[in-house]
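Note sheet for the following structure.
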Amino acid sequence: MSSTLPRYFLTSPRCGFAFASFRSVRPPSLRATSYQLKAQHNDVFTTVTRTFTNCRVRRSDKKVDDSRSSTTTSLVRENIYTIPNLLTVSRILACPVLGWSILHDDFFLATGLLVYAGLSDLADGYLARRFNMHSVLGSILDPAADKTLMTTLTVTLAMKGLLPVSLASIIIGRDVLLSLSAFYIRYTSLPAPKTFARYWDFSIPSAEVRPTAISKYNTFAQLALMCATTVTPILPAHYNLFLPEMQILVAVTTVWSGLSYVFSKDAVRIVSETRRRPPSP
């Protein structure tokens with residue numbers, strides 16, 4: 001085709017401009033097209049990478065928030081190994097020795113153990129108030145120790161004929177009903193999951209038993225009667241401790257205190273298992 005064109009057409013500046021313009025508008029080469037596709041691919045890859053990175057950052061932030069929210073709610077556990085609780089447990093452990101001494105007519109040893117029980121009861125109450133050693137377990141152990149002591153004295157003194165069987169039946173019957181109620185309240189107030197191990201784990205508080213006013217007077221009257229009955233065999237015969245009158249008083253207050261736990265709204269307080277902690281900054 002170039003042989004049919006005049007020579008000056010190929011060498012003319014004007015024709016050269018025309019050829020240059022023609023070459024500038026012709027389709028891009030394969031190399032240029034590949035470069036553009038690669039650039040577009042890089043843009044898409046960069047966009048996808050940024051989106052994926054943002055998603056991962058948001059997901060990691062969500063995990064951090066979840067971990068923080070999980071740390072804000074934790075189980076409430078308290079220190080149960082305190083001096084007042086140890087003194088209360090020692091009173092409970094002394095009860096079998098007390099019962100053995102009464103059954104074997106060793107009323108001097110029984111009187112000494114009663115004195116120790118009274119002094120340890122005063123000591124653990126003072127230490128708990130003075131050094132802020134209160135615990136839910138202590139609120140359960142303290143009346144349990146009193147009831148264990150009372151049950152031991154009631155049964156053994158009734159077996160020795162020093163206490164009427166009818167009065168012993170009233171005292172023991174009320175304590176048995178209160179103990180069964182305590183087991184039921186512990187089960188119903190224990191947060192899920194209700195397992196055997198968690199039920200007997202007393203570092204997990206669930207309910208707190210508060211003695212009523214009449215029950216405090218009844219406990220004092222019972223202890224006074226049991227102590228007077230225990231020391232009577234070692235006292236001279238002319239000492240009159242008004243045992244019949246004290247027995248009537250104990251019978252009336254025992255029935256009254258048992259009914260007070262049934263009808264009082266403040267006798268049992270449900271303790272929450274979890275507490276909220278402020279989120280970490």
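Order determines the names: the first chain of the structure tokens is A, the second B, and so forth; residues in each chain are numbered 1 upward, and ligands are numbered 1 upward as they are shown.
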
### Message
Could you list, as a ChimeraX atom specification, every residue within 6 Å of region 251-265 of chain A, counting only C-alpha atoms and ignoring same-chain residues fewer than 6 positions away?
### Response
/A:214-215,218

What are the nearest atom pairs, with distances in Å to one decimal, for all residues of region 199-259 of chain A that come at most 12 Å from region 97-104 of chain A, using only C-alpha atoms, set out by chain and rising residue number as a Markdown table?
| residue | atom | partner | partner_atom | distance |
| --- | --- | --- | --- | --- |
| A:Met226 | CA | A:Ile102 | CA | 11.6 |
| A:Cys227 | CA | A:Ile102 | CA | 11.9 |
| A:Thr229 | CA | A:Ile102 | CA | 10.9 |
| A:Thr230 | CA | A:Ile102 | CA | 8.0 |
| A:Val231 | CA | A:Ile102 | CA | 10.5 |
| A:Pro233 | CA | A:Ile102 | CA | 10.5 |
| A:Ile234 | CA | A:Ile102 | CA | 11.9 |

Go ahead and dump the residues you just picked, N, CA, C and O atoms, as a short mmCIF file (atom, residue, chain, number, x, y, z; two decimals), in the first residue's frame.
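Generated output (out.cif):
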data_model
loop_
_atom_site.label_atom_id
_atom_site.label_comp_id
_atom_site.auth_asym_id
_atom_site.auth_seq_id
_atom_site.Cartn_x
_atom_site.Cartn_y
_atom_site.Cartn_z
N MET A 226 -31.10 -25.38 130.83
CA MET A 226 -30.17 -26.51 130.68
C MET A 226 -28.97 -26.37 131.61
O MET A 226 -28.50 -27.36 132.21
N CYS A 227 -28.47 -25.16 131.77
CA CYS A 227 -27.34 -24.96 132.67
C CYS A 227 -27.75 -25.22 134.12
O CYS A 227 -27.01 -25.87 134.89
N THR A 229 -30.19 -27.12 135.12
CA THR A 229 -30.43 -28.56 135.28
C THR A 229 -29.12 -29.34 135.35
O THR A 229 -29.01 -30.35 136.06
N THR A 230 -28.10 -28.88 134.62
CA THR A 230 -26.82 -29.58 134.59
C THR A 230 -26.06 -29.41 135.89
O THR A 230 -25.41 -30.36 136.40
N VAL A 231 -26.11 -28.21 136.47
CA VAL A 231 -25.34 -27.95 137.68
C VAL A 231 -26.09 -28.37 138.94
O VAL A 231 -25.49 -28.40 140.05
N PRO A 233 -27.11 -31.33 140.04
CA PRO A 233 -26.57 -32.50 140.77
C PRO A 233 -25.32 -32.20 141.59
O PRO A 233 -25.01 -32.96 142.54
N ILE A 234 -24.58 -31.16 141.26
CA ILE A 234 -23.35 -30.86 142.01
C ILE A 234 -23.56 -29.75 143.03
O ILE A 234 -22.62 -29.36 143.72
#

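For the atom pair formed by CA of Arg186 (chain A) and CA of Leu127 (chain A), the distance is 26.4 Å, given to one decimal.
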
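With only C-alpha atoms as the atoms that count, the minimum distance from Asp142 (chain A) to the choices A:Ala207, A:Ala168, A:Ala123, A:Val89 is reached by A:Val89.
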
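The space separating CA of Phe220 (chain A) from CA of Ile80 (chain A) comes to 26.4 Å.
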